[in-house]
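target.cif follows; it contains mmCIF, C-alpha atoms and all ligand atoms.
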data_final
#
loop_
_atom_site.label_atom_id
_atom_site.label_comp_id
_atom_site.auth_asym_id
_atom_site.auth_seq_id
_atom_site.Cartn_x
_atom_site.Cartn_y
_atom_site.Cartn_z
CA MET A 1 -104.03 -63.82 -15.22
CA ARG A 2 -103.46 -60.39 -16.75
CA VAL A 3 -100.65 -60.54 -19.31
CA ILE A 4 -99.00 -57.91 -21.53
CA VAL A 5 -97.48 -59.49 -24.63
CA PHE A 6 -94.87 -57.17 -26.14
CA GLY A 7 -94.38 -58.17 -29.78
CA GLY A 8 -97.72 -59.96 -29.87
CA ASP A 9 -98.27 -59.27 -33.59
CA GLY A 10 -95.30 -61.41 -34.72
CA PHE A 11 -94.84 -65.01 -35.84
CA CYS A 12 -94.48 -66.42 -32.30
CA GLY A 13 -96.23 -63.63 -30.38
CA TRP A 14 -99.54 -63.82 -32.23
CA PRO A 15 -100.34 -67.54 -31.72
CA THR A 16 -99.08 -67.29 -28.14
CA SER A 17 -101.40 -64.35 -27.40
CA LEU A 18 -104.32 -66.28 -28.86
CA ARG A 19 -103.54 -69.38 -26.80
CA LEU A 20 -103.29 -67.38 -23.57
CA ALA A 21 -106.56 -65.58 -24.32
CA ALA A 22 -108.30 -68.85 -25.28
CA ASN A 23 -107.34 -70.25 -21.89
CA GLY A 24 -108.99 -67.40 -20.05
CA HIS A 25 -106.19 -64.89 -19.55
CA LYS A 26 -106.71 -61.17 -20.17
CA ILE A 27 -104.24 -60.19 -22.88
CA LEU A 28 -102.91 -56.81 -23.95
CA ILE A 29 -100.77 -56.99 -27.09
CA ALA A 30 -98.25 -54.13 -27.24
CA ASP A 31 -96.52 -53.90 -30.60
CA ASN A 32 -95.26 -51.20 -32.98
CA LEU A 33 -95.96 -53.38 -36.07
CA SER A 34 -92.28 -53.14 -37.05
CA ARG A 35 -92.26 -56.64 -38.56
CA ARG A 36 -94.92 -55.55 -41.05
CA GLY A 37 -92.73 -52.52 -41.83
CA ILE A 38 -89.70 -54.73 -42.50
CA ASP A 39 -91.80 -56.75 -45.01
CA ASN A 40 -92.10 -53.54 -47.05
CA GLU A 41 -88.45 -52.63 -46.57
CA LEU A 42 -87.28 -56.04 -47.86
CA SER A 43 -90.01 -56.36 -50.52
CA SER A 44 -90.74 -59.82 -49.19
CA GLY A 45 -93.72 -60.79 -47.15
CA SER A 46 -95.70 -63.55 -45.56
CA LEU A 47 -96.91 -66.31 -47.92
CA THR A 48 -100.16 -66.29 -45.98
CA GLU A 49 -102.47 -63.28 -46.19
CA ILE A 50 -102.24 -61.70 -42.75
CA ALA A 51 -105.09 -59.49 -41.61
CA SER A 52 -104.60 -55.91 -40.39
CA ILE A 53 -104.08 -55.65 -36.64
CA LYS A 54 -107.56 -54.12 -36.34
CA ASP A 55 -109.17 -57.13 -38.05
CA ARG A 56 -107.01 -59.54 -36.08
CA ILE A 57 -108.11 -58.07 -32.76
CA GLU A 58 -111.80 -57.89 -33.72
CA SER A 59 -111.70 -61.52 -34.80
CA ALA A 60 -109.77 -62.59 -31.70
CA LYS A 61 -112.40 -60.94 -29.49
CA LYS A 62 -115.14 -62.77 -31.41
CA HIS A 63 -113.58 -66.24 -31.65
CA ILE A 64 -111.02 -66.48 -28.86
CA GLY A 65 -111.30 -64.26 -25.78
CA ASP A 66 -110.13 -61.10 -24.10
CA VAL A 67 -107.45 -59.54 -26.35
CA ASP A 68 -106.67 -55.85 -26.76
CA PHE A 69 -103.99 -54.00 -28.67
CA VAL A 70 -101.88 -50.91 -28.16
CA ASN A 71 -99.36 -49.56 -30.65
CA ILE A 72 -96.16 -48.70 -28.80
CA ASP A 73 -92.44 -48.76 -29.55
CA VAL A 74 -90.98 -50.45 -26.50
CA ALA A 75 -87.42 -49.38 -27.33
CA LYS A 76 -88.17 -45.69 -27.90
CA ASN A 77 -90.95 -44.96 -25.47
CA PRO A 78 -89.91 -45.96 -21.93
CA GLN A 79 -92.47 -43.59 -20.32
CA GLY A 80 -95.19 -45.20 -22.41
CA VAL A 81 -94.07 -48.66 -21.32
CA GLN A 82 -94.16 -47.58 -17.69
CA GLY A 83 -97.62 -46.02 -18.12
CA LEU A 84 -98.93 -49.16 -19.79
CA ILE A 85 -97.69 -51.37 -16.96
CA SER A 86 -99.08 -48.99 -14.30
CA ASN A 87 -102.50 -48.90 -15.95
CA PHE A 88 -102.91 -52.53 -17.01
CA LYS A 89 -101.42 -54.01 -13.80
CA PRO A 90 -100.21 -57.28 -15.35
CA ASP A 91 -99.31 -60.39 -13.38
CA ALA A 92 -96.86 -61.30 -16.15
CA ILE A 93 -95.19 -59.68 -19.14
CA VAL A 94 -94.05 -61.67 -22.16
CA GLN A 95 -91.27 -60.05 -24.18
CA PHE A 96 -91.19 -61.02 -27.88
CA ALA A 97 -90.59 -57.46 -29.16
CA GLU A 98 -87.11 -57.98 -30.56
CA GLN A 99 -85.76 -58.05 -34.13
CA ARG A 100 -85.48 -61.82 -34.52
CA ALA A 101 -83.64 -62.65 -37.75
CA ALA A 102 -79.93 -63.42 -37.67
CA PRO A 103 -79.50 -62.64 -41.40
CA TYR A 104 -81.34 -59.29 -41.05
CA SER A 105 -78.98 -58.27 -38.25
CA MET A 106 -75.99 -58.99 -40.50
CA ILE A 107 -77.04 -56.99 -43.59
CA GLY A 108 -75.05 -53.87 -42.74
CA ASP A 109 -74.44 -50.97 -40.38
CA ASP A 110 -78.08 -49.80 -40.21
CA GLU A 111 -79.42 -53.28 -39.44
CA ARG A 112 -76.70 -54.06 -36.87
CA ARG A 113 -77.45 -50.85 -34.99
CA TYR A 114 -81.21 -51.22 -35.30
CA THR A 115 -81.05 -54.76 -33.91
CA VAL A 116 -78.86 -53.78 -30.95
CA ASP A 117 -80.70 -50.53 -30.18
CA ASN A 118 -84.14 -52.07 -30.51
CA ASN A 119 -83.53 -55.35 -28.72
CA ILE A 120 -81.37 -54.19 -25.83
CA SER A 121 -83.23 -50.91 -25.16
CA GLY A 122 -86.62 -52.57 -25.45
CA THR A 123 -85.81 -55.38 -23.06
CA HIS A 124 -84.04 -53.06 -20.65
CA ASN A 125 -86.94 -50.58 -20.72
CA ILE A 126 -89.31 -53.36 -19.68
CA CYS A 127 -87.05 -54.49 -16.81
CA SER A 128 -86.61 -50.91 -15.62
CA ALA A 129 -90.36 -50.20 -15.83
CA ILE A 130 -91.18 -53.35 -13.86
CA VAL A 131 -88.93 -52.39 -10.97
CA ALA A 132 -90.33 -48.85 -11.04
CA VAL A 133 -93.98 -49.96 -11.05
CA ASP A 134 -94.20 -53.37 -9.36
CA PRO A 135 -91.19 -55.68 -8.93
CA ASN A 136 -93.53 -58.65 -8.38
CA ILE A 137 -94.45 -58.82 -12.06
CA HIS A 138 -93.02 -61.95 -13.67
CA LEU A 139 -91.09 -61.31 -16.91
CA VAL A 140 -91.01 -64.12 -19.49
CA HIS A 141 -88.52 -63.47 -22.29
CA LEU A 142 -88.10 -65.23 -25.60
CA GLY A 143 -84.39 -65.98 -25.88
CA THR A 144 -82.59 -68.32 -28.25
CA MET A 145 -80.60 -71.55 -28.29
CA GLY A 146 -78.02 -69.51 -30.21
CA VAL A 147 -76.73 -67.95 -26.96
CA TYR A 148 -74.85 -71.21 -26.33
CA GLY A 149 -73.31 -71.52 -29.79
CA TYR A 150 -73.68 -74.99 -31.24
CA SER A 151 -70.41 -76.64 -30.25
CA LYS A 152 -69.71 -79.56 -27.97
CA ASP A 153 -67.01 -77.54 -26.13
CA PHE A 154 -68.79 -78.06 -22.81
CA GLY A 155 -70.62 -81.28 -23.66
CA ASP A 156 -74.41 -81.51 -23.75
CA ILE A 157 -76.17 -78.15 -23.48
CA PRO A 158 -77.68 -77.63 -20.01
CA GLU A 159 -80.48 -75.18 -19.20
CA GLY A 160 -78.69 -71.87 -18.92
CA TYR A 161 -76.11 -72.69 -16.27
CA LEU A 162 -72.88 -74.65 -16.43
CA ASP A 163 -71.50 -76.48 -13.39
CA VAL A 164 -67.77 -75.76 -13.14
CA THR A 165 -64.94 -76.36 -10.70
CA ILE A 166 -62.65 -73.39 -10.07
CA ASN A 167 -59.01 -74.49 -10.52
CA SER A 168 -57.53 -72.25 -7.81
CA THR A 169 -59.96 -73.15 -5.03
CA ASN A 170 -61.54 -76.42 -6.14
CA ALA A 171 -64.90 -74.79 -5.40
CA ASN A 172 -67.90 -75.93 -7.44
CA LYS A 173 -69.98 -73.21 -9.02
CA SER A 174 -72.91 -72.90 -11.36
CA ILE A 175 -72.24 -70.09 -13.83
CA LEU A 176 -74.21 -68.60 -16.70
CA TYR A 177 -73.24 -70.72 -19.73
CA PRO A 178 -70.44 -68.94 -21.67
CA ALA A 179 -72.10 -66.93 -24.44
CA ASN A 180 -71.08 -67.77 -27.99
CA PRO A 181 -73.27 -65.80 -30.42
CA GLY A 182 -73.12 -66.37 -34.18
CA SER A 183 -74.74 -63.11 -35.32
CA ILE A 184 -75.55 -59.61 -34.03
CA TYR A 185 -79.09 -60.84 -33.37
CA HIS A 186 -77.80 -63.71 -31.24
CA LEU A 187 -75.41 -61.26 -29.52
CA THR A 188 -78.41 -59.19 -28.36
CA LYS A 189 -79.94 -62.26 -26.71
CA CYS A 190 -76.60 -62.87 -24.93
CA LEU A 191 -76.58 -59.27 -23.68
CA ASP A 192 -80.22 -59.62 -22.55
CA GLN A 193 -79.06 -62.43 -20.25
CA LEU A 194 -76.71 -60.06 -18.40
CA VAL A 195 -79.47 -57.49 -18.04
CA PHE A 196 -81.70 -60.15 -16.45
CA GLN A 197 -78.93 -61.42 -14.21
CA PHE A 198 -78.29 -57.92 -12.87
CA TYR A 199 -81.95 -57.03 -12.37
CA ASN A 200 -82.47 -60.34 -10.62
CA LYS A 201 -79.45 -59.79 -8.36
CA ASN A 202 -80.26 -56.21 -7.49
CA TRP A 203 -84.06 -56.09 -7.41
CA ASN A 204 -84.88 -59.81 -7.22
CA LEU A 205 -86.70 -59.42 -10.55
CA LYS A 206 -88.59 -62.62 -11.33
CA VAL A 207 -87.48 -63.65 -14.82
CA THR A 208 -87.92 -66.72 -17.00
CA ASP A 209 -85.68 -66.77 -20.08
CA LEU A 210 -86.77 -69.24 -22.76
CA HIS A 211 -83.94 -70.35 -25.03
CA GLN A 212 -85.93 -71.37 -28.05
CA GLY A 213 -84.77 -73.43 -31.03
CA ILE A 214 -85.78 -72.90 -34.65
CA VAL A 215 -89.52 -72.67 -35.07
CA TRP A 216 -91.31 -74.44 -37.90
CA GLY A 217 -94.97 -74.72 -38.88
CA VAL A 218 -97.48 -71.93 -39.35
CA GLU A 219 -100.86 -72.57 -37.82
CA THR A 220 -102.03 -73.49 -34.34
CA GLU A 221 -105.49 -74.65 -33.24
CA HIS A 222 -106.35 -71.00 -32.56
CA THR A 223 -104.99 -69.30 -35.70
CA LYS A 224 -107.06 -71.79 -37.72
CA LEU A 225 -110.34 -70.52 -36.30
CA SER A 226 -110.77 -67.69 -38.82
CA PRO A 227 -108.92 -66.38 -41.90
CA MET A 228 -108.52 -63.13 -39.91
CA LEU A 229 -106.43 -65.02 -37.33
CA VAL A 230 -104.01 -66.74 -39.72
CA ASN A 231 -100.34 -66.59 -38.74
CA ARG A 232 -97.55 -65.20 -40.90
CA PHE A 233 -95.34 -67.57 -42.95
CA ASP A 234 -91.88 -66.37 -44.00
CA TYR A 235 -89.91 -68.24 -46.65
CA ASP A 236 -87.34 -65.65 -47.77
CA GLY A 237 -83.58 -65.89 -47.14
CA ILE A 238 -83.73 -63.35 -44.31
CA TYR A 239 -86.77 -64.14 -42.16
CA GLY A 240 -87.68 -67.65 -43.35
CA THR A 241 -86.45 -70.37 -41.00
CA VAL A 242 -84.85 -73.39 -42.55
CA LEU A 243 -87.56 -76.07 -42.42
CA ASN A 244 -90.38 -73.74 -43.47
CA ARG A 245 -88.15 -72.60 -46.33
CA PHE A 246 -87.54 -76.17 -47.47
CA ILE A 247 -91.26 -76.98 -47.34
CA SER A 248 -92.21 -73.87 -49.35
CA GLN A 249 -89.38 -74.55 -51.82
CA ALA A 250 -90.66 -78.11 -52.34
CA ALA A 251 -94.21 -76.80 -52.85
CA ASN A 252 -92.95 -74.37 -55.49
CA ASP A 253 -90.62 -76.75 -57.36
CA VAL A 254 -87.51 -74.90 -56.30
CA PRO A 255 -84.44 -76.92 -55.15
CA LEU A 256 -83.92 -77.10 -51.39
CA SER A 257 -81.28 -74.53 -50.39
CA VAL A 258 -78.88 -76.44 -48.14
CA TYR A 259 -76.08 -74.14 -46.97
CA GLY A 260 -72.66 -75.82 -47.02
CA GLU A 261 -72.97 -79.57 -46.65
CA GLY A 262 -75.96 -79.35 -44.29
CA GLY A 263 -73.96 -80.70 -41.35
CA GLN A 264 -75.31 -77.96 -39.03
CA SER A 265 -77.33 -79.58 -36.22
CA ARG A 266 -79.96 -77.39 -34.61
CA ALA A 267 -82.81 -77.73 -32.14
CA PHE A 268 -86.36 -77.40 -33.53
CA ILE A 269 -89.82 -76.71 -32.16
CA HIS A 270 -93.28 -76.51 -33.76
CA ILE A 271 -95.10 -73.17 -33.49
CA SER A 272 -97.95 -74.77 -31.46
CA ASP A 273 -95.39 -75.85 -28.89
CA THR A 274 -93.95 -72.32 -28.73
CA ALA A 275 -97.36 -71.10 -27.56
CA LYS A 276 -97.79 -74.00 -25.13
CA CYS A 277 -94.34 -73.55 -23.59
CA VAL A 278 -94.76 -69.81 -23.06
CA GLU A 279 -98.08 -70.53 -21.37
CA LEU A 280 -96.37 -73.08 -19.11
CA ALA A 281 -93.74 -70.49 -18.17
CA VAL A 282 -96.37 -67.80 -17.50
CA THR A 283 -98.66 -69.97 -15.40
CA ASN A 284 -96.02 -71.85 -13.36
CA THR A 285 -94.94 -69.03 -11.10
CA ASP A 286 -93.72 -70.93 -8.10
CA PHE A 287 -89.95 -71.15 -8.54
CA ASP A 288 -86.67 -70.21 -6.90
CA THR A 289 -86.21 -66.55 -7.79
CA SER A 290 -82.69 -66.30 -6.40
CA ARG A 291 -81.56 -66.59 -10.02
CA VAL A 292 -83.09 -66.26 -13.47
CA ARG A 293 -85.07 -69.36 -14.46
CA ILE A 294 -83.82 -70.61 -17.81
CA PHE A 295 -85.54 -73.24 -19.93
CA ASN A 296 -84.49 -74.63 -23.29
CA GLN A 297 -87.64 -74.39 -25.38
CA VAL A 298 -86.88 -77.16 -27.87
CA SER A 299 -88.40 -80.41 -29.05
CA GLU A 300 -85.76 -82.27 -31.05
CA VAL A 301 -82.37 -81.94 -32.72
CA ARG A 302 -81.90 -82.48 -36.46
CA SER A 303 -79.22 -81.63 -38.99
CA VAL A 304 -80.06 -79.40 -41.95
CA LEU A 305 -79.26 -82.23 -44.37
CA GLU A 306 -81.49 -84.62 -42.45
CA LEU A 307 -84.39 -82.16 -42.83
CA ALA A 308 -83.70 -81.65 -46.53
CA THR A 309 -83.58 -85.42 -47.05
CA ILE A 310 -86.95 -85.89 -45.33
CA ILE A 311 -88.54 -83.24 -47.58
CA LYS A 312 -86.79 -84.58 -50.68
CA ASP A 313 -87.98 -88.15 -50.02
CA GLN A 314 -91.53 -87.08 -49.25
CA TYR A 315 -92.04 -84.60 -52.09
CA GLY A 316 -89.46 -85.59 -54.68
CA ALA A 317 -87.67 -82.25 -54.32
CA GLU A 318 -84.07 -81.72 -55.39
CA ILE A 319 -81.35 -80.63 -52.98
CA GLN A 320 -79.01 -77.82 -54.01
CA PHE A 321 -75.84 -77.36 -51.95
CA ILE A 322 -75.07 -73.64 -51.75
CA LYS A 323 -71.88 -72.00 -50.48
CA ASN A 324 -72.77 -71.14 -46.88
CA PRO A 325 -73.36 -67.37 -46.59
CA ARG A 326 -72.87 -67.62 -42.80
CA LYS A 327 -69.82 -68.00 -40.58
CA GLU A 328 -70.73 -71.12 -38.63
CA LEU A 329 -69.39 -74.59 -37.90
CA PRO A 330 -69.90 -76.73 -41.02
CA HIS A 331 -70.68 -79.78 -38.88
CA ASN A 332 -71.64 -80.04 -35.23
CA ASP A 333 -73.14 -82.50 -32.79
CA LEU A 334 -75.77 -81.14 -30.46
CA LYS A 335 -77.52 -82.56 -27.45
CA VAL A 336 -79.82 -80.28 -25.50
CA SER A 337 -81.67 -80.66 -22.21
CA ASN A 338 -85.32 -79.64 -22.19
CA ALA A 339 -85.98 -81.12 -18.74
CA GLY A 340 -87.37 -77.90 -17.22
CA LEU A 341 -90.38 -77.45 -19.48
CA LYS A 342 -90.95 -81.21 -19.53
CA SER A 343 -91.15 -81.15 -15.74
CA LEU A 344 -94.01 -78.64 -16.14
CA GLY A 345 -95.88 -80.97 -18.51
CA PHE A 346 -94.40 -80.12 -21.93
CA ASN A 347 -94.94 -83.03 -24.29
CA PRO A 348 -93.06 -82.06 -27.46
CA ILE A 349 -94.51 -82.40 -30.94
CA THR A 350 -91.79 -83.90 -33.11
CA LEU A 351 -91.47 -83.74 -36.88
CA ASP A 352 -94.49 -85.45 -38.23
CA ASN A 353 -95.62 -86.05 -41.80
CA ALA A 354 -99.13 -84.75 -41.13
CA LEU A 355 -97.80 -81.45 -39.79
CA VAL A 356 -95.32 -81.07 -42.64
CA GLU A 357 -98.23 -81.71 -45.01
CA ASP A 358 -100.23 -78.91 -43.30
CA VAL A 359 -97.43 -76.45 -43.98
CA ARG A 360 -96.98 -77.71 -47.53
CA TYR A 361 -100.68 -77.24 -48.16
CA ILE A 362 -100.41 -73.59 -47.12
CA ALA A 363 -97.29 -73.08 -49.24
CA GLU A 364 -98.99 -74.76 -52.21
CA SER A 365 -102.17 -72.73 -51.90
CA SER A 366 -100.29 -69.44 -51.76
CA LYS A 367 -98.13 -70.11 -54.82
CA ASP A 368 -99.05 -66.79 -56.41
CA LYS A 369 -97.24 -64.97 -53.57
CA PHE A 370 -94.03 -67.04 -53.78
CA ASN A 371 -91.27 -64.93 -55.29
CA GLN A 372 -88.22 -66.94 -56.27
CA SER A 373 -85.94 -63.93 -56.11
CA ASN A 374 -86.52 -63.84 -52.33
CA VAL A 375 -85.17 -67.38 -51.82
CA LEU A 376 -81.44 -66.71 -51.93
CA SER A 377 -81.54 -63.25 -50.37
CA SER A 378 -79.34 -63.93 -47.33
CA PRO A 379 -76.49 -61.49 -46.67
CA LYS A 380 -72.99 -62.99 -46.31
CA TRP A 381 -71.03 -62.73 -43.10
N1 LIG B 1 -79.90 -72.92 -43.47
C1 LIG B 1 -79.74 -73.62 -44.66
N2 LIG B 1 -80.50 -73.25 -45.71
C2 LIG B 1 -81.41 -72.24 -45.66
C3 LIG B 1 -81.57 -71.52 -44.45
C4 LIG B 1 -80.79 -71.88 -43.37
O1 LIG B 1 -78.94 -74.57 -44.76
O2 LIG B 1 -82.06 -71.98 -46.67
C5 LIG B 1 -79.11 -73.31 -42.28
C6 LIG B 1 -78.31 -72.18 -41.66
O3 LIG B 1 -77.03 -72.08 -42.25
C7 LIG B 1 -78.28 -72.57 -40.19
C8 LIG B 1 -79.58 -73.34 -39.99
O4 LIG B 1 -80.04 -73.69 -41.28
O5 LIG B 1 -77.21 -73.45 -39.96
C9 LIG B 1 -80.65 -72.56 -39.28
O6 LIG B 1 -80.92 -71.35 -39.95
P1 LIG B 1 -82.31 -70.58 -39.74
O7 LIG B 1 -82.32 -69.42 -40.68
O8 LIG B 1 -83.45 -71.52 -39.80
O9 LIG B 1 -82.24 -70.14 -38.21
P2 LIG B 1 -81.37 -69.05 -37.41
O10 LIG B 1 -80.75 -68.06 -38.28
O11 LIG B 1 -80.48 -69.81 -36.47
O12 LIG B 1 -82.45 -68.29 -36.55
C10 LIG B 1 -83.71 -68.86 -36.18
C11 LIG B 1 -84.65 -67.73 -35.80
C12 LIG B 1 -84.13 -67.05 -34.53
C13 LIG B 1 -83.95 -68.07 -33.44
C14 LIG B 1 -83.02 -69.18 -33.90
C15 LIG B 1 -82.95 -70.32 -32.92
O13 LIG B 1 -84.80 -66.81 -36.84
O14 LIG B 1 -85.05 -66.06 -34.12
O15 LIG B 1 -83.42 -67.48 -32.29
O16 LIG B 1 -83.57 -69.75 -35.11
S1 LIG B 1 -81.39 -71.12 -32.93
O17 LIG B 1 -80.93 -71.29 -34.31
O18 LIG B 1 -81.57 -72.42 -32.28
O19 LIG B 1 -80.45 -70.27 -32.23
#
Could I get this structure in the form of structure tokens?
Ligand code: USQ
Amino acid sequence: MRVIVFGGDGFCGWPTSLRLAANGHKILIADNLSRRGIDNELSSGSLTEIASIKDRIESAKKHIGDVDFVNIDVAKNPQGVQGLISNFKPDAIVQFAEQRAAPYSMIGDDERRYTVDNNISGTHNICSAIVAVDPNIHLVHLGTMGVYGYSKDFGDIPEGYLDVTINSTNANKSILYPANPGSIYHLTKCLDQLVFQFYNKNWNLKVTDLHQGIVWGVETEHTKLSPMLVNRFDYDGIYGTVLNRFISQAANDVPLSVYGEGGQSRAFIHISDTAKCVELAVTNTDFDTSRVRIFNQVSEVRSVLELATIIKDQYGAEIQFIKNPRKELPHNDLKVSNAGLKSLGFNPITLDNALVEDVRYIAESSKDKFNQSNVLSSPKW
């Protein structure tokens, strides 16, 4: 298949692009390298040494397959997006090109507006360009589990839609799950859902929205093939996700930063599974397009304290309980369906000592880049 991957230079987009190319698809990465720019803005960066995009692409062509790159700002250049789609003629488009950190989106006015303007305009520009050029193109979007909130208000979390009975008529309906974002970033993913719902209703746009949990891990079988292909690894209080942070803290003899009492339960997924799931969504095109297809892209649910305890027991790290900088439920139960992707063959990788050790090895070997002042850098909200 021919696939454009918007945001293909990022933490999830890069290994996914490599996996698709390795499996014979023709890939065009479209990215404005904004994530690299934010590294400079925040004076924090990947623990791993990531190659320039030029070196990445050269190496991907040599070791992996058919991968090209174009530098484009999807939010600010709608004509360019349309031209790209007209020229490349993709069968599918994968949309990762959104600002993806909840803490970043809550720093202040500039970051709130950037996150909304970038994420909503970018995703809308792609939808609009698809219907202008070829409404048969399948759009696969990286959403988040955070659109549901993390409460048990409606029981176990289904895949996108909630079955309800209307009091006044007794009619049964399946409605988009009530959005309950916890940050401006999560709010943009909730708004994306309405954009998809409307484009699907009006133009029958074929959309798969992947509500992904928290990603952990760094490398995949493909990023390991050359130092030029290595994936980024964030550990700071803004872009680092919780388990990767704990592993890098343990490797650097820093106490594990549990926010609150660690009673927050979240869904997790390994980075290799991110790439596999997106591939499953891209290649399984035969589905009912009368509504947006929504999958929960998650492997398992764990609480923050449970994760910290695993790392503490394995590496002798200390746990430090820190006043939670976020407004979120201090404790929650969570049960999530991932039946959709499983029905397509997804066989989740769950937390495994060998994989944790892989990440720890990377964190250990890049100790010179670990900057302790970046650990507790989260804004408060
Ligand atoms: N947490 C700690 N200590 C830390 C960092 C985080 O206790 O040092 C806690 C947070 O309070 C939160 C949980 O760990 O309860 C998860 O935080 P996180 O920073 O790992 O993840 P989050 O902000 O939710 O965002 C990440 C990704 C985002 C994705 C989301 C999936 O950055 O792109 O959409 O995970 S989910 O959380 O399932 O909505």
Using all atoms listed in the file, find each residue with an atom at most 6 Å away from ligand LIG 1 (chain B) and format the answer as a ChimeraX atom specification. /A:100-102,144-146,212-214,241-242,257-259,262,264,266-267,304
Point-to-point distance in Å for CA of Arg36 in chain A and CA of Val70 in chain A: 15.4 Å
Tell me which protein, DNA and RNA residues are within 12 Å of range 197-207 of chain A, counting all atoms listed in the file, leaving out same-chain ones fewer than 2 positions away, and put them as an NGL selection string. :A and (91-95 or 123-143 or 160-161 or 175-176 or 190-195 or 209-210 or 281-282 or 284-295)
Option closest in space to Lys342 in chain A, from A:Ile184, A:Val230, A:Ala251, A:Leu280 [counting only C-alpha atoms]: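 Of A:Ile184, A:Val230, A:Ala251, A:Leu280, the one nearest Lys342 in chain A, counting only C-alpha atoms, is A:Leu280.
Computed from the coordinates, the CA of Gly108 in chain A to CA of Ser121 in chain A distance equals 19.6 Å.
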Residue with smallest distance to Gly340 in chain A - pool A:Pro158, A:Gly8, A:Pro379, A:Gly240, counting only C-alpha atoms: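 Selected residue with least distance to Gly340 in chain A: A:Pro158.
If all atoms listed in the file are the atoms counted, then among A:Ile310, A:Ile238, A:Ile271, A:Cys277 the closest residue to Asn353 in chain A is A:Ile310.
When all atoms listed in the file are used to compute distances to Ser183 in chain A, the closest of the residues A:Lys152, A:Lys89, A:Arg326, A:Lys335 turns out to be A:Arg326.
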Can you sort out range 53-65 of chain A so it carries N, CA and C atoms, written as a PDB file, in the frame of the given file?
ATOM      1  N   ILE A  53    -104.008 -55.423 -38.093  1.00  0.00           N
ATOM      2  CA  ILE A  53    -104.080 -55.650 -36.640  1.00  0.00           C
ATOM      3  C   ILE A  53    -105.508 -55.391 -36.139  1.00  0.00           C
ATOM      4  N   LYS A  54    -106.187 -54.430 -36.763  1.00  0.00           N
ATOM      5  CA  LYS A  54    -107.560 -54.120 -36.340  1.00  0.00           C
ATOM      6  C   LYS A  54    -108.468 -55.349 -36.558  1.00  0.00           C
ATOM      7  N   ASP A  55    -108.348 -55.946 -37.750  1.00  0.00           N
ATOM      8  CA  ASP A  55    -109.170 -57.130 -38.050  1.00  0.00           C
ATOM      9  C   ASP A  55    -108.772 -58.321 -37.182  1.00  0.00           C
ATOM     10  N   ARG A  56    -107.468 -58.442 -36.944  1.00  0.00           N
ATOM     11  CA  ARG A  56    -107.010 -59.540 -36.080  1.00  0.00           C
ATOM     12  C   ARG A  56    -107.659 -59.444 -34.688  1.00  0.00           C
ATOM     13  N   ILE A  57    -107.618 -58.233 -34.139  1.00  0.00           N
ATOM     14  CA  ILE A  57    -108.110 -58.070 -32.760  1.00  0.00           C
ATOM     15  C   ILE A  57    -109.626 -58.268 -32.706  1.00  0.00           C
ATOM     16  N   GLU A  58    -110.335 -57.705 -33.692  1.00  0.00           N
ATOM     17  CA  GLU A  58    -111.800 -57.890 -33.720  1.00  0.00           C
ATOM     18  C   GLU A  58    -112.147 -59.370 -33.778  1.00  0.00           C
ATOM     19  N   SER A  59    -111.435 -60.088 -34.638  1.00  0.00           N
ATOM     20  CA  SER A  59    -111.700 -61.520 -34.800  1.00  0.00           C
ATOM     21  C   SER A  59    -111.310 -62.295 -33.544  1.00  0.00           C
ATOM     22  N   ALA A  60    -110.200 -61.898 -32.929  1.00  0.00           N
ATOM     23  CA  ALA A  60    -109.770 -62.590 -31.700  1.00  0.00           C
ATOM     24  C   ALA A  60    -110.804 -62.407 -30.593  1.00  0.00           C
ATOM     25  N   LYS A  61    -111.369 -61.190 -30.514  1.00  0.00           N
ATOM     26  CA  LYS A  61    -112.400 -60.940 -29.490  1.00  0.00           C
ATOM     27  C   LYS A  61    -113.620 -61.837 -29.742  1.00  0.00           C
ATOM     28  N   LYS A  62    -113.945 -62.003 -31.047  1.00  0.00           N
ATOM     29  CA  LYS A  62    -115.140 -62.770 -31.410  1.00  0.00           C
ATOM     30  C   LYS A  62    -114.937 -64.281 -31.202  1.00  0.00           C
ATOM     31  N   HIS A  63    -113.766 -64.787 -31.633  1.00  0.00           N
ATOM     32  CA  HIS A  63    -113.580 -66.240 -31.650  1.00  0.00           C
ATOM     33  C   HIS A  63    -112.790 -66.790 -30.474  1.00  0.00           C
ATOM     34  N   ILE A  64    -112.001 -65.929 -29.809  1.00  0.00           N
ATOM     35  CA  ILE A  64    -111.020 -66.480 -28.860  1.00  0.00           C
ATOM     36  C   ILE A  64    -111.263 -66.015 -27.417  1.00  0.00           C
ATOM     37  N   GLY A  65    -111.197 -64.718 -27.175  1.00  0.00           N
ATOM     38  CA  GLY A  65    -111.300 -64.260 -25.780  1.00  0.00           C
ATOM     39  C   GLY A  65    -110.906 -62.801 -25.642  1.00  0.00           C
TER      40      GLY A  65
END
